[in-house]
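Chemist: Input: one structure, supplied below.
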Amino acid sequence: MPDDNVTISPDEEELIEKLRLTSRCRGEIYETSRFFTDLPGNRFEALVQHLIQSGESNVLGILMNITAVIGVRLPSRILAETLKMIDPIIDFHVPYRLQDASAIEPLLTVVEMEDVPWERQAYGALIAAELCLKHNGERMKVLKVLRKLSISVRSREARALVATGIALIEKEEPGSPLPPLLIDEDPLKRLPEERPPVVIGGDFSVRRPVPKIGRNAPCHCGSGKKYKKCCYEKDQEVLRDASPYVGLTMTQVRSQPGLVDDAQVIDEMRPHEIKRLAPSSLNEDQLLAAYDKLESYGLRESAFAMLLELKARPDQEEFAAGHMEDLLDAAIDAGETGLARRIVDEIPESFSQAEGTRLLLSIMEKSQGYAELEAMTRRGIVKSDEESKRDDPLIDMSYAFENRFPGLSVVFARAAMLGSPERTFDNEMLLDVIRTGRAELDLDPWGDHAEAYFDWTLEKMEEDRAEQDRSKEMEDLNDKLRSANELARQRMKELQEKERELESLTRAFQKAKEAPSDPWPRKREEPVVIDEAGRAIIERLRNQVDGLKADIRQRQQDHRALRRQLQEERTRLGKQASVPSSKSEESDISGEDAGIPLEFGRSPKKILVPEYAPAFLKACELMPSPVVAKALRSLANFAAHDETIWRQTRGIERLADVYRIRIDLSHRLLIQWKENCELKALDLILRRDLENWIKQYARSSCRGS
């Protein structure tokens with residue numbers, strides 16, 4: 001923040017007065033800038049701080065244009081602070097043509113302040129994006145702020161500015177020419193050439209501040225002189241400052257708004273003018289209007305002074321306290337803990353304050369104690385692949401808070417489970433922590449949503465493993481097919497070579513065997529006789545060719561068989577993928593993996609109404625309510641031929657017509673089912689008790705038979 005005790009010299013006060021008289025046009029700004037050429041650079045900083053403190057937003061915009069014209073580079077921290085106050089906002093980017101990448105971080109700091117309006121936040125973030133693009137700044141820092149703004153801002157104009165900034169950062173390619181940037185604009189050419197038209201009196205009905213008198217009539221002051229020889233010139237100056245209030249000039253109204261019973265006077269004043277007013281001179285409506293104007297410009301100290309005066313007025317205490325709560329939130333968001341504490345002290349104890357607001361203020365005042373907690377939480381949320389293999393800090397905090405802070409323990413346990421769903425062992429232990437915490441909070445231990453989430457993660461992991469197995473099987477088949485194709489190509493090549501070799505030998509022997517025809521009688525030549533060795537070679541080659549042909553035919557048949565197998569497997573996997581299913585769970589007990597899961601496709605069409613064994617009814621009274629509810633739903637879905645439940649049902653090899661259905665990680669539902677005849681719920685047990693249950697049920701069945 002700028003220094004609160006900036007002092008300026010009389011010469012600098014004259015320069016500020018020249019700024020006040022300068023209009024926002026090319027010629028006047030150029031002329032005024034000549035008075036600032038000899039001013040030392042550090043004094044520009046003092047002038048900016050003074051204008052920020054006084055709230056002279058339009059004068060601040062004129063000064064920003066002048067610094068750009070004469071080439072004065074302001075400190076990036078002070079320049080960023082002008083974003084809160086400068087008016088119009090389009091003058092803010094002009095001095096940034098002289099800045100570099102070091103100006104990005106201070107600008108982002110101001111942009112992220114809660115008391116800066118959306119449009120100014122978006123405009124500042126866009127300028128930061130342009131600086132990053134032009135000077136090769138840290139893009140991720142700028143992009144992070146832009147992405148956060150894209151979530152928080154609601155104004156259409158602000159969202160458009162944010163989208164432009166994101167596009168600049170994400171779509172720019174290294175080495176590509178820079179697009180037109182605001183910060184590259186010429187500071188003078190962007191300004192209008194002519195001075196804006198002057199409106200005399202404003203958009204209101206003018207009331208004469210002095211009586212209407214003829215020029216030759218006696219002067220109203222009682223001097224005895226003619227009016228034109230006495231007060232005429234002075235009254236003309238007063239008339240040029242006419243106001244909508246009889247007998248008052250605008251200067252009088254602005255310096256003493258309490259002279260009129262109208263809050264609109266405050267709305268038309270600039271923040272620095274309101275800041276100079278004595279709160280005691282304003283009426284209730286004017287105090288509220290002054291508070292709103294000052295708070296909107298971030299002048300919270302002065303806004304608080306207006307609320308203090310309003311609170312002291314009769315029957316206004318509760319009304320002022322409500323606005324103090326709003327100002328308290330703004331002060332906390334801006335990090336002004338001193339002001340926030342003074343506001344809290346002024347709010348009556350009977351007036352309700354949000355618990356979160358009081359807690360946040362306490363945390364900010366003692367922030368050092370929360371630094372380590374923030375560091376641990378951040379490591380738990382933002383962890384690398386290597387760190388994810390080690391203990392999760394969120395798990396540690398859940399265990400640490402289990403006995404003393406059960407609510408925090410449950411919250412951190414949920415966060416740990418959500419952040420690392422693959423850590424099934426840790427998450428199963430965290431479920432016990434959550435149940436303990438809920439019991440401590442007088443809640444149903446089994447009723448937390450984390451239970452359902454954990455079951456879902458297990459099913460998802462099973463489905464993922466099944467999908468991986470199918471993908472591996474497909475890859476193996478593709479490898480076999482590629483190997484068969486390669487081998488077939490090699491054998492075909494060998495066959496072609498042997499056939500060419502055989503053809504060459506055959507032609508040679510045929511040529512040697514047949515004598516060429518000759519029209520002249522010659523001595524008859526003896527026929528070529530092929531010895532035993534030659535015949536053996538020919539026979540051996542022929543056998544090799546026949547063997548190669550047979551091998552190739554066999555390979556081609558194998559190739560076709562593999563292709564059919566691959567096509568059948570693809571069809572089978574496609575059908576499985578089109579119907580959601582989960583891989584049958586691992587065996588609950590040793591030696592019980594022989595049970596075959598029921599197939600939904602061959603399930604009967606008859607709906608059986610379930611019966612309930614006494615053991616099942618007794619278990620429903622003892623088991624947690626969520627477990628019982630899930631068991632009843634599973635039984636009903638089984639009776640209704642629900643595919644998901646049927647695929648989760650496993651037979652028990654040692655017990656005829658007895659099946660188990662997985663309810664959750666720790667519970668199993670035992671049923672007896674005879675197709676189209678009987679469906680009976682036998683029992684609801686813990687998974688670890690399944691082996692003993694099977695033995696007891698087998699013995700009781702034997703005795704019964």
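Identifiers for the structure tokens are assigned positionally: chains receive A, B, ... in sequence, residues are indexed from 1 per chain, and ligands are indexed from 1 in the order shown.
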Leaving out region 620-633 of chain A and any residue of its chain fewer than 5 positions from it, which residues lie within 7 Å of it when counting only C-alpha atoms, given as a ChimeraX atom specification?
Modeler: /A:446-447,663,669
Chemist: Taking all heavy atoms for each residue, export the selection above as a PDB file, in the first residue's frame.
Modeler:
ATOM      1  N   TRP A 446     -22.520 -45.486  10.680  1.00  0.00           N
ATOM      2  CA  TRP A 446     -22.456 -46.106   9.357  1.00  0.00           C
ATOM      3  C   TRP A 446     -23.130 -45.259   8.287  1.00  0.00           C
ATOM      4  O   TRP A 446     -23.245 -45.676   7.145  1.00  0.00           O
ATOM      5  CB  TRP A 446     -23.131 -47.478   9.391  1.00  0.00           C
ATOM      6  CG  TRP A 446     -22.465 -48.435  10.321  1.00  0.00           C
ATOM      7  CD1 TRP A 446     -22.649 -48.525  11.664  1.00  0.00           C
ATOM      8  CD2 TRP A 446     -21.497 -49.417   9.982  1.00  0.00           C
ATOM      9  NE1 TRP A 446     -21.856 -49.502  12.198  1.00  0.00           N
ATOM     10  CE2 TRP A 446     -21.133 -50.075  11.180  1.00  0.00           C
ATOM     11  CE3 TRP A 446     -20.907 -49.823   8.791  1.00  0.00           C
ATOM     12  CZ2 TRP A 446     -20.207 -51.112  11.212  1.00  0.00           C
ATOM     13  CZ3 TRP A 446     -19.984 -50.852   8.820  1.00  0.00           C
ATOM     14  CH2 TRP A 446     -19.631 -51.487  10.017  1.00  0.00           C
ATOM     15  N   GLY A 447     -23.578 -44.072   8.626  1.00  0.00           N
ATOM     16  CA  GLY A 447     -24.371 -43.306   7.678  1.00  0.00           C
ATOM     17  C   GLY A 447     -23.612 -42.304   6.854  1.00  0.00           C
ATOM     18  O   GLY A 447     -24.230 -41.452   6.205  1.00  0.00           O
ATOM     19  N   ILE A 663     -22.598 -57.255  -0.019  1.00  0.00           N
ATOM     20  CA  ILE A 663     -23.314 -56.038   0.366  1.00  0.00           C
ATOM     21  C   ILE A 663     -22.355 -54.855   0.407  1.00  0.00           C
ATOM     22  O   ILE A 663     -22.609 -53.797  -0.161  1.00  0.00           O
ATOM     23  CB  ILE A 663     -24.018 -56.225   1.723  1.00  0.00           C
ATOM     24  CG1 ILE A 663     -24.992 -57.398   1.638  1.00  0.00           C
ATOM     25  CG2 ILE A 663     -24.750 -54.948   2.134  1.00  0.00           C
ATOM     26  CD1 ILE A 663     -26.028 -57.274   0.561  1.00  0.00           C
ATOM     27  N   LEU A 669     -24.707 -61.234   2.255  1.00  0.00           N
ATOM     28  CA  LEU A 669     -26.075 -61.717   2.370  1.00  0.00           C
ATOM     29  C   LEU A 669     -26.123 -63.150   1.856  1.00  0.00           C
ATOM     30  O   LEU A 669     -25.684 -63.421   0.728  1.00  0.00           O
ATOM     31  CB  LEU A 669     -27.023 -60.821   1.558  1.00  0.00           C
ATOM     32  CG  LEU A 669     -28.463 -61.313   1.406  1.00  0.00           C
ATOM     33  CD1 LEU A 669     -29.164 -61.372   2.758  1.00  0.00           C
ATOM     34  CD2 LEU A 669     -29.246 -60.417   0.450  1.00  0.00           C
TER      35      LEU A 669
END
Chemist: Can you list, as a list in words, every protein, DNA or RNA residue that comes within 9 Å of Val344 (chain A) when you count only C-alpha atoms, leaving out same-chain residues fewer than 3 positions away?
Modeler: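 Those residues are Met324, Glu325, Leu328, Leu339, Ala340, Arg341, Ile347, Pro348, Gln353 and Arg358 of chain A.
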Chemist: I need the residues from that last selection saved to file as a tab-separated table (two decimals), in the first residue's frame (with N, CA and C atoms), if you can.
Modeler:
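Below is the file that was written, again27.tsv:
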chain	number	residue	atom	x	y	z
A	324	MET	N	-21.84	-2.26	8.77
A	324	MET	CA	-20.52	-2.53	9.34
A	324	MET	C	-20.11	-3.99	9.10
A	325	GLU	N	-21.10	-4.90	9.14
A	325	GLU	CA	-20.77	-6.30	8.85
A	325	GLU	C	-20.28	-6.46	7.41
A	328	LEU	N	-16.87	-5.16	7.29
A	328	LEU	CA	-15.97	-6.10	7.96
A	328	LEU	C	-15.49	-7.17	6.99
A	339	LEU	N	-8.29	-2.52	10.97
A	339	LEU	CA	-9.60	-1.94	10.73
A	339	LEU	C	-10.69	-2.95	11.03
A	340	ALA	N	-10.48	-4.22	10.66
A	340	ALA	CA	-11.49	-5.25	10.90
A	340	ALA	C	-11.75	-5.41	12.40
A	341	ARG	N	-10.70	-5.38	13.21
A	341	ARG	CA	-10.89	-5.52	14.65
A	341	ARG	C	-11.65	-4.32	15.22
A	347	ILE	N	-19.53	-3.31	16.49
A	347	ILE	CA	-20.79	-4.03	16.23
A	347	ILE	C	-21.35	-4.52	17.56
A	348	PRO	N	-22.59	-4.23	17.89
A	348	PRO	CA	-23.17	-4.66	19.17
A	348	PRO	C	-23.09	-6.17	19.34
A	353	GLN	N	-23.08	-12.10	14.14
A	353	GLN	CA	-21.99	-12.07	13.16
A	353	GLN	C	-21.74	-13.49	12.69
A	358	ARG	N	-15.74	-14.34	12.06
A	358	ARG	CA	-14.96	-14.18	13.29
A	358	ARG	C	-13.76	-15.12	13.31
Chemist: Can you pull out the residues contacting region 269-284 of chain A? Cut-off 9 Å, using only C-alpha atoms, and skip same-chain residues under 2 positions away; I want them as a PDB file with C-alpha atoms, in the first residue's frame.
Modeler:
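The resulting part18.pdb:
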ATOM      1  CA  LEU A  51      -3.604  11.376  -5.641  1.00  0.00           C
ATOM      2  CA  ILE A  52      -4.408   7.803  -4.566  1.00  0.00           C
ATOM      3  CA  GLN A  53      -4.834   8.918  -0.954  1.00  0.00           C
ATOM      4  CA  SER A  54      -6.977  11.903  -1.890  1.00  0.00           C
ATOM      5  CA  GLY A  55      -9.099   9.856  -4.282  1.00  0.00           C
ATOM      6  CA  GLU A  56      -8.652  12.205  -7.257  1.00  0.00           C
ATOM      7  CA  SER A  57      -9.164   9.444  -9.776  1.00  0.00           C
ATOM      8  CA  ASN A  58      -9.562  11.589 -12.901  1.00  0.00           C
ATOM      9  CA  ARG A 254     -19.943  20.340  -2.657  1.00  0.00           C
ATOM     10  CA  SER A 255     -18.080  21.802   0.315  1.00  0.00           C
ATOM     11  CA  GLN A 256     -21.124  21.695   2.612  1.00  0.00           C
ATOM     12  CA  PRO A 257     -23.613  19.046   1.417  1.00  0.00           C
ATOM     13  CA  GLY A 258     -25.469  19.350   4.712  1.00  0.00           C
ATOM     14  CA  LEU A 259     -26.867  22.671   3.523  1.00  0.00           C
ATOM     15  CA  ASP A 261     -31.481  17.701   2.171  1.00  0.00           C
ATOM     16  CA  ASP A 262     -30.441  15.674  -0.871  1.00  0.00           C
ATOM     17  CA  ALA A 263     -28.229  12.538  -1.029  1.00  0.00           C
ATOM     18  CA  GLN A 264     -27.717  12.912  -4.798  1.00  0.00           C
ATOM     19  CA  VAL A 265     -25.153  15.619  -4.055  1.00  0.00           C
ATOM     20  CA  ILE A 266     -22.879  12.919  -2.641  1.00  0.00           C
ATOM     21  CA  ASP A 267     -23.391  10.650  -5.651  1.00  0.00           C
ATOM     22  CA  GLN A 286     -25.913  11.550   2.826  1.00  0.00           C
ATOM     23  CA  LEU A 287     -23.871   9.505   5.313  1.00  0.00           C
ATOM     24  CA  LEU A 288     -25.084   6.281   3.719  1.00  0.00           C
ATOM     25  CA  ALA A 289     -24.404   7.591   0.198  1.00  0.00           C
ATOM     26  CA  ALA A 290     -20.920   8.700   1.271  1.00  0.00           C
ATOM     27  CA  LYS A 293     -19.116   5.744  -2.630  1.00  0.00           C
ATOM     28  CA  LEU A 294     -16.022   5.501  -0.423  1.00  0.00           C
ATOM     29  CA  TYR A 297     -13.316   2.943  -4.213  1.00  0.00           C
ATOM     30  CA  LEU A 299     -11.381   3.916   0.980  1.00  0.00           C
ATOM     31  CA  SER A 302     -13.159   6.906   5.575  1.00  0.00           C
ATOM     32  CA  ALA A 303     -16.178   4.686   4.902  1.00  0.00           C
ATOM     33  CA  ALA A 305     -15.932   6.955   9.781  1.00  0.00           C
ATOM     34  CA  MET A 306     -19.223   7.588   7.967  1.00  0.00           C
ATOM     35  CA  LEU A 307     -20.772   4.474   9.563  1.00  0.00           C
ATOM     36  CA  LEU A 308     -19.558   5.516  13.006  1.00  0.00           C
ATOM     37  CA  GLU A 309     -21.364   8.846  12.618  1.00  0.00           C
ATOM     38  CA  LEU A 310     -24.472   7.106  11.279  1.00  0.00           C
ATOM     39  CA  ARG A 313     -27.646   9.110  15.090  1.00  0.00           C
ATOM     40  CA  GLN A 316     -29.749   4.248  13.252  1.00  0.00           C
TER      41      GLN A 316
END
Chemist: If we count only C-alpha atoms and set the cut-off at 7 Å, which residues sit around Arg660 (chain A), ignoring sequence neighbours fewer than 5 positions away in its own chain? Please answer as a PDB file with C-alpha atoms, in the first residue's frame.
Modeler:
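Wrote part_7.pdb, looks like this:
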ATOM      1  CA  THR A 649     -23.884 -63.328  -6.690  1.00  0.00           C
ATOM      2  CA  ARG A 650     -21.585 -66.312  -6.096  1.00  0.00           C
ATOM      3  CA  GLY A 651     -22.520 -69.921  -5.452  1.00  0.00           C
ATOM      4  CA  ARG A 668     -22.453 -60.726   2.973  1.00  0.00           C
ATOM      5  CA  LEU A 669     -26.075 -61.717   2.370  1.00  0.00           C
ATOM      6  CA  LEU A 670     -26.766 -65.490   2.282  1.00  0.00           C
ATOM      7  CA  ILE A 671     -29.757 -66.696   0.247  1.00  0.00           C
TER       8      ILE A 671
END
Chemist: Rank A:Arg438, A:Arg190, A:Arg77, A:Arg26 by their smallest atom-to-atom distance to Asn403 (chain A), using only C-alpha atoms, and report the top residue only.
Modeler: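 Answer, going by the shortest atom-to-atom distance: A:Arg438.
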Chemist: Which polymer residues have any atom within 6 Å of an atom of region 181-189 of chain A, counting only C-alpha atoms, with same-chain residues fewer than 6 positions away left out, as a PyMOL selection string?
Modeler: chain A and resi 26+93+96-97
Chemist: Go ahead and write the selection's residues with N, CA, C and O atoms as an mmCIF file, in the first residue's frame.
Modeler:
data_model
loop_
_atom_site.group_PDB
_atom_site.id
_atom_site.type_symbol
_atom_site.label_atom_id
_atom_site.label_comp_id
_atom_site.auth_asym_id
_atom_site.auth_seq_id
_atom_site.Cartn_x
_atom_site.Cartn_y
_atom_site.Cartn_z
ATOM 1 N N ARG A 26 -5.522 15.387 -26.591
ATOM 2 C CA ARG A 26 -4.135 15.308 -27.038
ATOM 3 C C ARG A 26 -3.379 16.610 -26.816
ATOM 4 O O ARG A 26 -2.281 16.613 -26.241
ATOM 5 N N HIS A 93 -3.428 1.354 -18.723
ATOM 6 C CA HIS A 93 -2.395 0.591 -19.421
ATOM 7 C C HIS A 93 -1.311 1.463 -20.043
ATOM 8 O O HIS A 93 -0.260 0.954 -20.433
ATOM 9 N N TYR A 96 2.381 1.300 -18.892
ATOM 10 C CA TYR A 96 3.001 -0.022 -18.944
ATOM 11 C C TYR A 96 3.810 -0.237 -20.215
ATOM 12 O O TYR A 96 4.497 -1.252 -20.337
ATOM 13 N N ARG A 97 3.769 0.692 -21.145
ATOM 14 C CA ARG A 97 4.641 0.586 -22.317
ATOM 15 C C ARG A 97 6.099 0.744 -21.923
ATOM 16 O O ARG A 97 7.006 0.354 -22.675
#
Chemist: When you look at Glu14 (chain A) with a cut-off of 12 Å (counting only C-alpha atoms), what residues show up, excluding the ones that are within fewer than 4 positions of it in the same chain? I need them as a PDB file with all heavy atoms, in the first residue's frame.
Modeler:
ATOM      1  N   ILE A   8       3.778  16.814  -0.028  1.00  0.00           N
ATOM      2  CA  ILE A   8       4.202  17.408  -1.290  1.00  0.00           C
ATOM      3  C   ILE A   8       4.505  18.876  -1.052  1.00  0.00           C
ATOM      4  O   ILE A   8       3.951  19.525  -0.155  1.00  0.00           O
ATOM      5  CB  ILE A   8       3.115  17.241  -2.370  1.00  0.00           C
ATOM      6  CG1 ILE A   8       1.804  17.884  -1.926  1.00  0.00           C
ATOM      7  CG2 ILE A   8       2.903  15.773  -2.709  1.00  0.00           C
ATOM      8  CD1 ILE A   8       0.746  17.874  -2.988  1.00  0.00           C
ATOM      9  N   SER A   9       5.377  19.398  -1.873  1.00  0.00           N
ATOM     10  CA  SER A   9       5.807  20.790  -1.747  1.00  0.00           C
ATOM     11  C   SER A   9       4.786  21.715  -2.408  1.00  0.00           C
ATOM     12  O   SER A   9       3.937  21.273  -3.184  1.00  0.00           O
ATOM     13  CB  SER A   9       7.172  20.967  -2.408  1.00  0.00           C
ATOM     14  OG  SER A   9       7.075  20.745  -3.806  1.00  0.00           O
ATOM     15  N   PRO A  10       4.876  23.043  -2.120  1.00  0.00           N
ATOM     16  CA  PRO A  10       3.967  23.998  -2.784  1.00  0.00           C
ATOM     17  C   PRO A  10       4.079  23.956  -4.305  1.00  0.00           C
ATOM     18  O   PRO A  10       3.073  24.098  -5.014  1.00  0.00           O
ATOM     19  CB  PRO A  10       4.405  25.341  -2.215  1.00  0.00           C
ATOM     20  CG  PRO A  10       4.996  25.006  -0.878  1.00  0.00           C
ATOM     21  CD  PRO A  10       5.664  23.680  -1.060  1.00  0.00           C
ATOM     22  N   LYS A  18      -2.485  22.199 -12.006  1.00  0.00           N
ATOM     23  CA  LYS A  18      -2.456  22.199 -13.468  1.00  0.00           C
ATOM     24  C   LYS A  18      -3.091  20.917 -14.013  1.00  0.00           C
ATOM     25  O   LYS A  18      -3.778  20.939 -15.044  1.00  0.00           O
ATOM     26  CB  LYS A  18      -1.017  22.332 -13.971  1.00  0.00           C
ATOM     27  CG  LYS A  18      -0.390  23.704 -13.704  1.00  0.00           C
ATOM     28  CD  LYS A  18       0.991  23.787 -14.318  1.00  0.00           C
ATOM     29  CE  LYS A  18       1.623  25.150 -14.046  1.00  0.00           C
ATOM     30  NZ  LYS A  18       0.860  26.260 -14.677  1.00  0.00           N
ATOM     31  N   LEU A  19      -2.848  19.794 -13.303  1.00  0.00           N
ATOM     32  CA  LEU A  19      -3.487  18.542 -13.727  1.00  0.00           C
ATOM     33  C   LEU A  19      -5.002  18.646 -13.632  1.00  0.00           C
ATOM     34  O   LEU A  19      -5.730  18.131 -14.492  1.00  0.00           O
ATOM     35  CB  LEU A  19      -2.980  17.377 -12.865  1.00  0.00           C
ATOM     36  CG  LEU A  19      -1.509  16.978 -13.022  1.00  0.00           C
ATOM     37  CD1 LEU A  19      -1.137  15.908 -12.008  1.00  0.00           C
ATOM     38  CD2 LEU A  19      -1.216  16.477 -14.432  1.00  0.00           C
ATOM     39  N   ARG A  20      -5.488  19.294 -12.594  1.00  0.00           N
ATOM     40  CA  ARG A  20      -6.935  19.429 -12.413  1.00  0.00           C
ATOM     41  C   ARG A  20      -7.563  20.251 -13.529  1.00  0.00           C
ATOM     42  O   ARG A  20      -8.733  20.040 -13.882  1.00  0.00           O
ATOM     43  CB  ARG A  20      -7.226  20.073 -11.058  1.00  0.00           C
ATOM     44  CG  ARG A  20      -6.843  19.202  -9.856  1.00  0.00           C
ATOM     45  CD  ARG A  20      -7.175  19.896  -8.551  1.00  0.00           C
ATOM     46  NE  ARG A  20      -6.769  19.093  -7.403  1.00  0.00           N
ATOM     47  CZ  ARG A  20      -6.095  19.541  -6.353  1.00  0.00           C
ATOM     48  NH1 ARG A  20      -5.738  20.831  -6.306  1.00  0.00           N
ATOM     49  NH2 ARG A  20      -5.795  18.741  -5.358  1.00  0.00           N
ATOM     50  N   LEU A  21      -6.805  21.179 -14.084  1.00  0.00           N
ATOM     51  CA  LEU A  21      -7.327  22.048 -15.131  1.00  0.00           C
ATOM     52  C   LEU A  21      -7.114  21.481 -16.530  1.00  0.00           C
ATOM     53  O   LEU A  21      -7.525  22.090 -17.517  1.00  0.00           O
ATOM     54  CB  LEU A  21      -6.668  23.433 -15.034  1.00  0.00           C
ATOM     55  CG  LEU A  21      -6.914  24.199 -13.723  1.00  0.00           C
ATOM     56  CD1 LEU A  21      -6.102  25.491 -13.709  1.00  0.00           C
ATOM     57  CD2 LEU A  21      -8.397  24.491 -13.542  1.00  0.00           C
ATOM     58  N   THR A  32       0.560  20.352 -20.931  1.00  0.00           N
ATOM     59  CA  THR A  32       0.785  20.201 -19.489  1.00  0.00           C
ATOM     60  C   THR A  32       2.033  19.371 -19.212  1.00  0.00           C
ATOM     61  O   THR A  32       2.741  19.604 -18.217  1.00  0.00           O
ATOM     62  CB  THR A  32      -0.443  19.551 -18.835  1.00  0.00           C
ATOM     63  OG1 THR A  32      -1.608  20.325 -19.133  1.00  0.00           O
ATOM     64  CG2 THR A  32      -0.282  19.464 -17.325  1.00  0.00           C
ATOM     65  N   PHE A  35       5.429  20.997 -18.267  1.00  0.00           N
ATOM     66  CA  PHE A  35       5.710  21.492 -16.923  1.00  0.00           C
ATOM     67  C   PHE A  35       6.319  20.410 -16.032  1.00  0.00           C
ATOM     68  O   PHE A  35       6.826  20.706 -14.949  1.00  0.00           O
ATOM     69  CB  PHE A  35       4.423  22.011 -16.270  1.00  0.00           C
ATOM     70  CG  PHE A  35       3.852  23.224 -16.939  1.00  0.00           C
ATOM     71  CD1 PHE A  35       2.812  23.111 -17.855  1.00  0.00           C
ATOM     72  CD2 PHE A  35       4.370  24.488 -16.666  1.00  0.00           C
ATOM     73  CE1 PHE A  35       2.285  24.231 -18.478  1.00  0.00           C
ATOM     74  CE2 PHE A  35       3.842  25.618 -17.297  1.00  0.00           C
ATOM     75  CZ  PHE A  35       2.800  25.488 -18.203  1.00  0.00           C
ATOM     76  N   PHE A  36       6.268  19.143 -16.481  1.00  0.00           N
ATOM     77  CA  PHE A  36       6.721  18.031 -15.636  1.00  0.00           C
ATOM     78  C   PHE A  36       8.067  17.471 -16.083  1.00  0.00           C
ATOM     79  O   PHE A  36       8.582  16.546 -15.460  1.00  0.00           O
ATOM     80  CB  PHE A  36       5.685  16.895 -15.658  1.00  0.00           C
ATOM     81  CG  PHE A  36       4.430  17.203 -14.906  1.00  0.00           C
ATOM     82  CD1 PHE A  36       3.421  17.968 -15.477  1.00  0.00           C
ATOM     83  CD2 PHE A  36       4.246  16.728 -13.612  1.00  0.00           C
ATOM     84  CE1 PHE A  36       2.261  18.250 -14.787  1.00  0.00           C
ATOM     85  CE2 PHE A  36       3.077  17.008 -12.915  1.00  0.00           C
ATOM     86  CZ  PHE A  36       2.088  17.773 -13.496  1.00  0.00           C
ATOM     87  N   LEU A  47       3.647  12.121  -6.082  1.00  0.00           N
ATOM     88  CA  LEU A  47       2.406  12.673  -6.631  1.00  0.00           C
ATOM     89  C   LEU A  47       1.345  11.578  -6.812  1.00  0.00           C
ATOM     90  O   LEU A  47       0.165  11.792  -6.502  1.00  0.00           O
ATOM     91  CB  LEU A  47       2.686  13.352  -7.974  1.00  0.00           C
ATOM     92  CG  LEU A  47       3.511  14.652  -7.941  1.00  0.00           C
ATOM     93  CD1 LEU A  47       3.722  15.165  -9.358  1.00  0.00           C
ATOM     94  CD2 LEU A  47       2.819  15.700  -7.093  1.00  0.00           C
TER      95      LEU A  47
END
Chemist: One decimal, in Å: what's the spacing between CA of Asp11 (chain A) and CA of Val59 (chain A)?
Modeler: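 Computed distance, CA of Asp11 (chain A) to CA of Val59 (chain A), equals 16.6 Å.
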Chemist: Just the helix (DSSP H, G or I) stuff from region 328-527 of chain A, please, per backbone DSSP, written as an MDAnalysis selection string.
Modeler: chainID A and resid 328:333 337:346 355:365 367:381 385:388 393:400 406:419 424:440 449:513
Chemist: Could you check which of A:Val72, A:Ala331, A:Ile537, A:Leu481 is closest to Val94 (chain A), using only C-alpha atoms?
Modeler: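 Smallest distance to Val94 (chain A) is found for A:Val72.
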Chemist: Find the spatial neighbours of region 678-690 of chain A, counting only C-alpha atoms, within a cut-off of 10 Å - ignore same-chain residues fewer than 3 positions away - and output them as an MDAnalysis selection string.
Modeler: chainID A and resid 588:589 607:620 622:623 627:628 631:632 635 638:639 657:675 693:697
Chemist: Of the candidates A:Arg491, A:Leu15, A:Glu114, A:Thr82, which shows the shortest atom-to-atom distance to Ile332 (chain A), using only C-alpha atoms?
Modeler: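 Looking at the shortest contact to Ile332 (chain A), the residue is A:Glu114.
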Chemist: Just how far from CA of Asn676 (chain A) is CA of Ala656 (chain A), in Å to one decimal?
Modeler: 15.5 Å
Chemist: How many Å lie between CA of Pro88 (chain A) and CA of Asn65 (chain A), rounded to one decimal?
Modeler: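 Distance between the two atoms: 11.3 Å.
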Chemist: Between A:Ala636, A:Ala68, A:Met492, A:Ile343, which residue has the minimum interatomic distance to Asp326 (chain A), considering only C-alpha atoms?
Modeler: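 For Asp326 (chain A), the nearest of the given residues is A:Ile343.
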Chemist: Counting only C-alpha atoms, which of A:Ala158, A:Leu168, A:Leu655, A:Cys702 gets nearest to Ala128 (chain A)?
Modeler: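 Closest to Ala128 (chain A) of all the choices is A:Leu168.
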Chemist: Could you tell me which of A:Thr337, A:Gln49, A:Ser700, A:Gln554 comes closest to Ile78 (chain A) if we count only C-alpha atoms?
Modeler: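 Looking only at the distances to Ile78 (chain A), the closest residue turns out to be A:Gln49.
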